[in-house]
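**Q** What follows is final16.cif; its format and atoms are mmCIF, C-alpha atoms.
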```cif
data_data
#
loop_
_atom_site.label_atom_id
_atom_site.label_comp_id
_atom_site.auth_asym_id
_atom_site.auth_seq_id
_atom_site.Cartn_x
_atom_site.Cartn_y
_atom_site.Cartn_z
CA MET I 1385 33.92 -7.48 3.05
CA ALA I 1386 36.62 -5.82 5.17
CA LEU I 1387 34.12 -3.12 6.21
CA PHE I 1388 31.70 -5.80 7.43
CA ALA I 1389 34.41 -7.83 9.23
CA PHE I 1390 36.12 -4.97 11.04
CA VAL I 1391 33.34 -2.38 11.50
CA LEU I 1392 29.79 -3.69 11.10
CA LEU I 1393 30.28 -7.10 12.70
CA PRO I 1394 31.97 -5.78 15.89
CA LEU I 1395 29.29 -3.08 16.13
CA LEU I 1396 26.48 -5.64 15.84
CA LEU I 1397 28.11 -8.01 18.35
CA GLY I 1398 28.79 -5.16 20.77
CA SER I 1399 25.21 -3.93 20.49
CA TYR I 1400 23.89 -7.42 21.27
CA TRP I 1401 26.33 -8.03 24.13
CA SER I 1402 25.37 -4.68 25.66
CA LEU I 1403 21.91 -6.19 26.25
CA THR I 1404 23.34 -9.19 28.13
CA ASP I 1405 25.35 -9.93 31.26
CA LYS I 1406 28.15 -11.58 29.26
CA ARG I 1407 31.44 -11.98 31.10
CA LEU I 1408 34.87 -12.69 29.68
CA ILE I 1409 35.41 -15.85 31.74
CA SER I 1410 32.41 -17.31 33.56
CA PRO I 1411 30.94 -20.80 34.04
CA LEU I 1412 27.43 -19.29 34.02
CA PRO I 1413 25.50 -18.97 30.76
CA THR I 1414 24.99 -15.50 29.30
CA GLN I 1415 21.57 -14.05 30.04
CA PHE I 1416 19.59 -11.34 28.27
CA VAL I 1417 19.14 -8.34 30.62
CA GLY I 1418 17.60 -5.81 28.24
CA LEU I 1419 18.50 -2.21 28.98
CA ASP I 1420 19.80 -2.87 32.51
CA ASN I 1421 23.40 -2.09 31.52
CA TYR I 1422 22.37 1.26 30.08
CA VAL I 1423 20.23 2.06 33.14
CA ASN I 1424 23.19 1.34 35.42
CA LEU I 1425 25.50 3.29 33.15
CA LEU I 1426 23.44 6.44 32.68
CA GLY I 1427 21.18 6.42 35.74
CA LEU I 1428 21.00 9.82 37.49
CA ASP I 1429 18.87 11.25 40.27
CA LEU I 1430 18.72 14.39 42.40
CA LEU I 1431 18.53 14.39 46.19
CA THR I 1432 17.75 17.50 48.22
CA GLN I 1433 19.05 17.56 51.78
CA ALA I 1434 17.92 19.89 54.56
CA PRO I 1435 20.53 20.86 57.17
CA GLU I 1436 20.60 19.29 60.62
CA ARG I 1437 18.97 21.29 63.41
CA ASP I 1438 19.22 21.15 67.17
CA PRO I 1439 16.08 19.33 68.44
CA ALA I 1440 15.81 21.63 71.42
CA THR I 1441 16.39 25.06 69.91
CA GLY I 1442 15.87 24.46 66.20
CA ALA I 1443 19.19 26.16 65.44
CA LEU I 1444 21.41 24.95 62.63
CA VAL I 1445 24.06 22.44 63.63
CA ARG I 1446 27.55 23.43 62.51
CA ASP I 1447 30.82 21.54 62.45
CA GLU I 1448 34.16 22.66 63.90
CA SER I 1449 34.90 24.87 60.90
CA GLY I 1450 31.56 26.64 61.15
CA ALA I 1451 30.01 24.99 58.09
CA VAL I 1452 26.41 23.82 58.18
CA SER I 1453 26.10 20.09 58.90
CA PHE I 1454 23.93 17.77 56.82
CA PRO I 1455 22.74 14.22 57.54
CA ARG I 1456 25.09 11.45 56.42
CA LEU I 1457 24.33 10.70 52.80
CA ARG I 1458 24.89 6.98 53.24
CA THR I 1459 22.15 6.84 55.88
CA VAL I 1460 19.72 8.69 53.61
CA LEU I 1461 20.43 6.43 50.63
CA ARG I 1462 19.99 3.28 52.68
CA GLY I 1463 16.70 4.56 54.09
CA GLU I 1464 14.87 4.90 50.76
CA ASP I 1465 14.37 2.18 48.14
CA ARG I 1466 14.28 4.83 45.42
CA TYR I 1467 17.99 5.47 45.83
CA GLU I 1468 19.10 1.84 45.89
CA GLY I 1469 22.20 1.39 43.74
CA PHE I 1470 22.95 5.12 43.59
CA PHE I 1471 26.14 6.85 44.76
CA GLU I 1472 27.07 10.50 45.14
CA TRP I 1473 28.54 12.09 42.04
CA PHE I 1474 28.81 15.66 43.35
CA HIS I 1475 26.83 18.11 45.47
CA VAL I 1476 26.13 21.85 45.47
CA ASP I 1477 25.18 23.91 48.54
CA ILE I 1478 22.73 26.74 47.83
CA GLY I 1479 21.61 28.68 50.85
CA GLU I 1480 20.62 26.19 53.54
CA GLN I 1481 19.93 23.41 51.06
CA ARG I 1482 22.30 20.81 49.65
CA TYR I 1483 21.57 19.38 46.22
CA VAL I 1484 23.23 16.01 45.67
CA VAL I 1485 23.50 14.61 42.15
CA LEU I 1486 23.43 10.82 42.37
CA ALA I 1487 24.67 8.36 39.76
CA ARG I 1488 24.54 4.61 39.48
CA ASP I 1489 28.05 4.70 37.99
CA PRO I 1490 29.87 7.87 39.12
CA THR I 1491 33.09 6.67 37.47
CA PHE I 1492 31.47 6.74 34.03
CA MET I 1493 30.07 10.20 34.71
CA TYR I 1494 33.56 11.40 35.61
CA ALA I 1495 34.75 9.76 32.39
CA LEU I 1496 32.18 11.72 30.37
CA VAL I 1497 33.21 15.03 31.94
CA ASN I 1498 36.96 14.35 31.69
CA THR I 1499 36.69 13.31 28.04
CA ALA I 1500 34.60 16.39 27.22
CA VAL I 1501 37.09 18.70 28.97
CA PHE I 1502 40.01 17.05 27.20
CA VAL I 1503 38.37 17.45 23.77
CA LEU I 1504 37.27 21.05 24.37
CA VAL I 1505 40.79 22.04 25.47
CA ILE I 1506 42.82 19.97 23.03
CA VAL I 1507 41.04 20.92 19.79
CA PRO I 1508 41.51 24.74 19.94
CA LEU I 1509 44.88 24.76 21.73
CA GLN I 1510 46.53 22.06 19.67
CA GLY I 1511 45.07 23.42 16.43
CA GLY I 1512 46.11 26.98 17.24
CA LEU I 1513 49.63 25.98 18.23
CA ALA I 1514 49.96 23.81 15.13
CA LEU I 1515 48.95 26.71 12.91
CA LEU I 1516 51.47 28.98 14.63
CA LEU I 1517 54.27 26.45 14.15
CA ALA I 1518 53.27 25.95 10.53
CA LEU I 1519 53.48 29.70 9.92
CA LEU I 1520 56.93 29.77 11.55
CA VAL I 1521 58.40 26.86 9.59
CA HIS I 1522 56.83 28.15 6.35
CA GLN I 1523 59.32 31.01 6.36
CA ARG I 1524 62.30 30.88 4.06
CA VAL I 1525 65.06 30.93 6.66
CA ARG I 1526 68.19 28.89 7.18
CA GLY I 1527 67.70 25.61 9.05
CA VAL I 1528 63.90 25.52 8.63
CA ARG I 1529 64.00 21.83 7.63
CA ALA I 1530 65.68 20.96 10.91
CA TYR I 1531 62.96 22.76 12.84
CA ARG I 1532 60.29 20.88 10.91
CA SER I 1533 61.94 17.58 11.81
CA ILE I 1534 62.27 18.54 15.48
CA TYR I 1535 58.62 19.55 15.78
CA PHE I 1536 57.44 16.39 14.01
CA ALA I 1537 59.71 13.95 15.87
CA PRO I 1538 57.35 13.29 18.83
CA VAL I 1539 54.59 12.22 16.41
CA VAL I 1540 56.56 9.22 15.17
CA THR I 1541 57.50 8.16 18.69
CA SER I 1542 55.28 5.68 20.53
CA MET I 1543 52.85 7.34 22.91
CA ALA I 1544 53.61 4.65 25.51
CA VAL I 1545 57.29 5.64 25.43
CA MET I 1546 56.41 9.32 25.65
CA ALA I 1547 54.08 8.63 28.60
CA VAL I 1548 56.85 6.85 30.51
CA LEU I 1549 59.28 9.68 29.75
CA TRP I 1550 56.87 12.39 30.88
CA THR I 1551 56.03 10.43 34.03
CA VAL I 1552 59.68 10.84 34.96
CA LEU I 1553 59.59 14.53 34.01
CA TYR I 1554 56.53 15.03 36.23
CA ASN I 1555 58.16 13.34 39.21
CA PRO I 1556 57.52 15.67 42.18
CA GLY I 1557 60.94 15.10 43.72
CA GLU I 1558 63.48 14.75 40.93
CA GLY I 1559 61.44 15.66 37.85
CA LEU I 1560 62.92 18.14 35.41
CA ILE I 1561 59.68 20.13 35.12
CA ASN I 1562 59.52 21.00 38.83
CA ARG I 1563 63.24 21.78 38.87
CA ALA I 1564 62.79 24.14 35.90
CA ILE I 1565 59.83 25.90 37.58
CA GLU I 1566 61.80 26.47 40.78
CA THR I 1567 64.90 27.62 38.90
CA LEU I 1568 63.14 30.02 36.53
CA SER I 1569 61.13 31.56 39.39
CA PHE I 1570 64.25 31.86 41.58
CA GLY I 1571 62.58 29.67 44.19
CA LEU I 1572 59.40 31.74 44.42
CA LEU I 1573 57.28 28.97 42.90
CA GLU I 1574 57.33 25.38 44.06
CA GLY I 1575 56.79 22.35 41.91
CA SER I 1576 53.64 20.25 42.03
CA ALA I 1577 52.87 16.56 42.36
CA TRP I 1578 51.40 16.74 38.87
CA LEU I 1579 50.09 13.20 38.49
CA GLU I 1580 49.23 12.70 42.15
CA ASP I 1581 46.99 15.75 42.54
CA SER I 1582 43.43 15.55 41.20
CA SER I 1583 43.52 19.26 40.32
CA THR I 1584 46.56 18.97 38.03
CA ALA I 1585 46.57 15.37 36.74
CA LEU I 1586 44.34 16.01 33.72
CA LEU I 1587 46.23 19.22 32.93
CA ALA I 1588 49.47 17.22 32.90
CA ILE I 1589 47.93 14.75 30.45
CA ILE I 1590 46.74 17.62 28.24
CA ILE I 1591 50.21 19.20 28.11
CA LEU I 1592 51.81 15.90 27.12
CA SER I 1593 49.14 15.21 24.48
CA ILE I 1594 49.53 18.62 22.85
CA TRP I 1595 53.32 18.32 22.78
CA GLN I 1596 53.24 14.82 21.29
CA ALA I 1597 50.66 15.39 18.53
CA VAL I 1598 50.98 19.05 17.55
CA GLY I 1599 53.55 18.18 14.87
CA PHE I 1600 50.97 16.13 12.95
CA GLN I 1601 48.57 19.07 12.60
CA MET I 1602 51.54 21.34 11.85
CA VAL I 1603 52.44 19.28 8.78
CA ILE I 1604 48.83 19.38 7.56
CA PHE I 1605 48.69 23.16 7.98
CA LEU I 1606 52.06 23.47 6.26
CA ALA I 1607 50.74 21.59 3.25
CA GLY I 1608 47.73 23.92 3.18
CA LEU I 1609 49.96 27.01 3.36
CA GLN I 1610 52.05 25.76 0.47
CA GLY I 1611 48.87 25.42 -1.58
CA ILE I 1612 47.99 29.11 -1.31
CA PRO I 1613 49.22 30.97 -4.44
CA GLU I 1614 51.82 33.67 -3.79
CA GLU I 1615 49.93 35.94 -6.18
CA HIS I 1616 47.21 36.36 -3.54
CA TYR I 1617 49.73 37.72 -1.03
CA ASP I 1618 51.29 39.98 -3.68
CA ALA I 1619 47.88 41.41 -4.56
CA ALA I 1620 47.14 42.03 -0.86
CA LYS I 1621 50.46 43.87 -0.46
CA VAL I 1622 49.65 46.05 -3.46
CA ASP I 1623 46.32 46.91 -1.82
CA GLY I 1624 48.21 48.03 1.29
CA ALA I 1625 47.24 45.13 3.55
CA ASN I 1626 49.50 44.67 6.57
CA ARG I 1627 50.65 41.29 7.88
CA PHE I 1628 47.59 40.73 10.07
CA ALA I 1629 45.22 41.71 7.25
CA ARG I 1630 46.98 39.28 4.88
CA PHE I 1631 46.63 36.53 7.46
CA ARG I 1632 42.94 37.27 7.99
CA HIS I 1633 41.86 37.78 4.39
CA VAL I 1634 44.28 35.51 2.51
CA THR I 1635 45.72 32.81 4.79
CA LEU I 1636 42.62 31.84 6.75
CA PRO I 1637 40.28 31.62 3.71
CA GLY I 1638 42.96 29.63 1.88
CA LEU I 1639 43.18 27.20 4.82
CA ARG I 1640 39.41 26.71 5.17
CA ASN I 1641 39.31 23.07 4.06
CA THR I 1642 42.51 22.34 5.97
CA LEU I 1643 41.01 23.81 9.15
CA ILE I 1644 37.92 21.65 8.75
CA PHE I 1645 40.03 18.52 8.38
CA VAL I 1646 42.22 19.40 11.37
CA VAL I 1647 39.24 20.11 13.63
CA ILE I 1648 37.46 16.86 12.73
CA SER I 1649 40.57 14.65 12.94
CA THR I 1650 41.74 16.22 16.20
CA THR I 1651 38.29 15.78 17.73
CA VAL I 1652 38.14 12.09 16.82
CA LEU I 1653 41.67 11.43 18.07
CA ALA I 1654 40.99 13.32 21.31
CA PHE I 1655 37.97 11.16 22.09
CA ARG I 1656 40.23 8.09 21.87
CA LEU I 1657 42.38 9.17 24.82
CA PHE I 1658 43.64 6.01 26.54
CA THR I 1659 47.38 5.27 26.41
CA GLN I 1660 48.49 8.26 28.49
CA ILE I 1661 45.91 7.44 31.15
CA ASP I 1662 46.75 3.75 31.25
CA VAL I 1663 50.50 4.34 31.59
CA MET I 1664 50.61 7.43 33.79
CA THR I 1665 47.60 7.57 36.14
CA MET I 1666 45.33 4.52 35.71
CA GLY I 1667 42.38 6.91 35.86
CA GLY I 1668 43.34 8.44 39.20
CA PRO I 1669 43.66 10.21 41.44
CA GLU I 1670 40.00 10.10 42.49
CA ASP I 1671 38.81 9.39 38.91
CA SER I 1672 40.15 12.79 37.82
CA THR I 1673 41.69 11.37 34.62
CA VAL I 1674 39.43 8.42 33.83
CA THR I 1675 38.08 8.58 30.25
CA ILE I 1676 35.37 6.75 28.33
CA VAL I 1677 37.79 4.45 26.49
CA PHE I 1678 39.69 3.71 29.69
CA ALA I 1679 36.42 2.94 31.50
CA ALA I 1680 35.45 0.52 28.72
CA VAL I 1681 38.78 -1.30 28.86
CA GLN I 1682 38.66 -1.38 32.65
CA ALA I 1683 35.17 -2.90 32.70
CA GLY I 1684 35.68 -5.29 29.79
CA PHE I 1685 39.14 -6.76 30.27
CA ARG I 1686 40.19 -6.05 33.85
CA GLU I 1687 36.79 -6.60 35.45
CA GLN I 1688 35.72 -9.07 32.71
CA ARG I 1689 32.25 -7.49 32.36
CA ILE I 1690 31.93 -7.70 28.58
CA GLY I 1691 28.23 -6.83 28.56
CA TYR I 1692 28.71 -3.67 30.59
CA ALA I 1693 31.79 -2.65 28.60
CA SER I 1694 29.82 -3.14 25.38
CA ALA I 1695 27.19 -0.72 26.71
CA ILE I 1696 29.94 1.84 27.31
CA VAL I 1697 31.30 1.35 23.79
CA VAL I 1698 27.87 1.62 22.15
CA THR I 1699 27.14 4.78 24.14
CA PHE I 1700 30.53 6.15 23.09
CA PHE I 1701 29.81 5.30 19.44
CA VAL I 1702 26.45 7.11 19.55
CA MET I 1703 28.09 10.17 21.14
CA VAL I 1704 30.82 10.40 18.49
CA LEU I 1705 28.28 9.79 15.72
CA LEU I 1706 26.05 12.61 16.96
CA ILE I 1707 29.01 14.98 17.25
CA ALA I 1708 30.16 14.06 13.72
CA LEU I 1709 26.66 14.68 12.35
CA LEU I 1710 26.51 18.01 14.20
CA GLN I 1711 29.87 19.05 12.77
CA ARG I 1712 28.71 18.02 9.30
CA LEU I 1713 25.53 20.08 9.69
CA VAL I 1714 27.39 23.15 10.94
CA LEU I 1715 30.03 22.96 8.23
CA ARG I 1716 27.39 22.42 5.53
CA ASN I 1717 25.44 25.46 6.70
CA ASP I 1718 28.67 27.48 6.86
CA ARG I 1719 29.54 26.42 3.32
CA ALA I 1720 26.06 27.40 2.12
CA VAL I 1721 26.39 30.86 3.70
CA THR I 1722 29.87 31.32 2.21
CA ASP I 1723 28.74 30.30 -1.25
#
```
So, in terms of structure tokens, how does the structure I just supplied come out?
**A**
Amino acid sequence: MALFAFVLLPLLLGSYWSLTDKRLISPLPTQFVGLDNYVNLLGLDLLTQAPERDPATGALVRDESGAVSFPRLRTVLRGEDRYEGFFEWFHVDIGEQRYVVLARDPTFMYALVNTAVFVLVIVPLQGGLALLLALLVHQRVRGVRAYRSIYFAPVVTSMAVMAVLWTVLYNPGEGLINRAIETLSFGLLEGSAWLEDSSTALLAIIILSIWQAVGFQMVIFLAGLQGIPEEHYDAAKVDGANRFARFRHVTLPGLRNTLIFVVISTTVLAFRLFTQIDVMTMGGPEDSTVTIVFAAVQAGFREQRIGYASAIVVTFFVMVLLIALLQRLVLRNDRAVTD
């Protein structure tokens, strides 16, 4: 009953609402619009632009910097019905041609890319760092329990609180991070406006996210390390295996199931990125940190477009489901080969 109430029912309602123009507060009745929300969400097109030429000589027109000039994109889009409702997502210049990728919702496309980048960076870096920390705190040295507590402390602290704290640390004028960079480099390196620069904003979010959550994976790896019998390491030492060989042939095989769990759980949690974005950047600057979950909340609650937000959520659900099935297939095949 709980599964139906909290999983199946919201999924069914969201799937139905994604086919309507339902709004959160509206005096107008909800209308069925079919796949229009999905068309607006995922619509893409390609526009090829030829450079401008001088009517008299036929020579290429160049701007003040010497770059080839192209017709204004807005004029081109308004001139053809095919491109109605499309906006520029990005463009690539190849030779004398400009290829413009158009999207009906560029913000959602940025959200797809940002979420994918976040997941692809977070999963290996956070998992690798967590394994390294677990190996360090697995040693029998004095004060190891204190180190375990220190590494795990950020996990039990609210992400909203951590986001506010790191916003202060990232402050371009008085932030501790910029001060530390300038001090350690003896003034050779200058700090950055981390959250105000589109080239560093997502990186800043990634650093915070790794720092906050790495302790959780560390504890999981630590439990896996404690489950490996010492006799395996003793036998490897007798066979003359060095430390790296013991790690490769004893530790990693013994952590196989733990690694699978960490990869899957980290992937799912990474896709849910929202709190850091909402507190620190609100998706900016220039949509450089907007994510799928943030785009859904923005459309559903702040813009009150429940139907459109439901389409985002259903698309997100299908994406995560496909990735989970792919992971299951890969791991099953890997298990079959191992066996």
**Q** Compute the distance from (46.4, 17.2, 15.8) to each atom, counting only C-alpha atoms, keep the residues with any atom at most 7 Å away, and return them as a PyMOL selection string; use the coordinates of the file.
**A** chain I and resi 1510-1511+1597-1598+1600-1601+1646+1649-1650
**Q** Do you know which residues are at most 12 Å from range 1457-1464 of chain I counting only C-alpha atoms, after dropping those on the same chain fewer than 2 positions away, and could you put them as an NGL selection string?
**A** :I and (1429-1435 or 1453-1455 or 1466-1475 or 1482-1487)
**Q** Output the selection as a PDB file, in the coordinates of the input - C-alpha atoms for each residue.
**A**
```
ATOM      1  CA  ASP I1429      18.870  11.250  40.270  1.00  0.00           C
ATOM      2  CA  LEU I1430      18.720  14.390  42.400  1.00  0.00           C
ATOM      3  CA  LEU I1431      18.530  14.390  46.190  1.00  0.00           C
ATOM      4  CA  THR I1432      17.750  17.500  48.220  1.00  0.00           C
ATOM      5  CA  GLN I1433      19.050  17.560  51.780  1.00  0.00           C
ATOM      6  CA  ALA I1434      17.920  19.890  54.560  1.00  0.00           C
ATOM      7  CA  PRO I1435      20.530  20.860  57.170  1.00  0.00           C
ATOM      8  CA  SER I1453      26.100  20.090  58.900  1.00  0.00           C
ATOM      9  CA  PHE I1454      23.930  17.770  56.820  1.00  0.00           C
ATOM     10  CA  PRO I1455      22.740  14.220  57.540  1.00  0.00           C
ATOM     11  CA  ARG I1466      14.280   4.830  45.420  1.00  0.00           C
ATOM     12  CA  TYR I1467      17.990   5.470  45.830  1.00  0.00           C
ATOM     13  CA  GLU I1468      19.100   1.840  45.890  1.00  0.00           C
ATOM     14  CA  GLY I1469      22.200   1.390  43.740  1.00  0.00           C
ATOM     15  CA  PHE I1470      22.950   5.120  43.590  1.00  0.00           C
ATOM     16  CA  PHE I1471      26.140   6.850  44.760  1.00  0.00           C
ATOM     17  CA  GLU I1472      27.070  10.500  45.140  1.00  0.00           C
ATOM     18  CA  TRP I1473      28.540  12.090  42.040  1.00  0.00           C
ATOM     19  CA  PHE I1474      28.810  15.660  43.350  1.00  0.00           C
ATOM     20  CA  HIS I1475      26.830  18.110  45.470  1.00  0.00           C
ATOM     21  CA  ARG I1482      22.300  20.810  49.650  1.00  0.00           C
ATOM     22  CA  TYR I1483      21.570  19.380  46.220  1.00  0.00           C
ATOM     23  CA  VAL I1484      23.230  16.010  45.670  1.00  0.00           C
ATOM     24  CA  VAL I1485      23.500  14.610  42.150  1.00  0.00           C
ATOM     25  CA  LEU I1486      23.430  10.820  42.370  1.00  0.00           C
ATOM     26  CA  ALA I1487      24.670   8.360  39.760  1.00  0.00           C
TER      27      ALA I1487
END
```
**Q** Please compute the CA of Val1634 in chain I-CA of Ile1648 in chain I distance, one decimal, in Å.
**A**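 The value is 22.3 Å.
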**Q** Show me, as a ChimeraX atom specification, the residues that have an atom within 10 Å of range 1697-1706 of chain I when counting only C-alpha atoms, minus same-chain residues fewer than 4 positions from it.
**A** /I:1395-1396,1398-1402,1422,1425-1426,1496,1651-1652,1655-1656,1676-1677,1679-1681,1684,1691-1693,1710-1712
**Q** Could you name the residues that touch Ala1620 in chain I at 12 Å or less, counting only C-alpha atoms, but leaving out those on the same chain fewer than 6 positions away, as a list of chain:residue names?
**A**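 Counting only C-alpha atoms, the residues come to I:Pro1613, I:Glu1614, I:Asn1626, I:Arg1627, I:Phe1628, I:Ala1629, I:Arg1630, I:Phe1631, I:Arg1632, I:His1633, I:Val1634, I:Thr1635.
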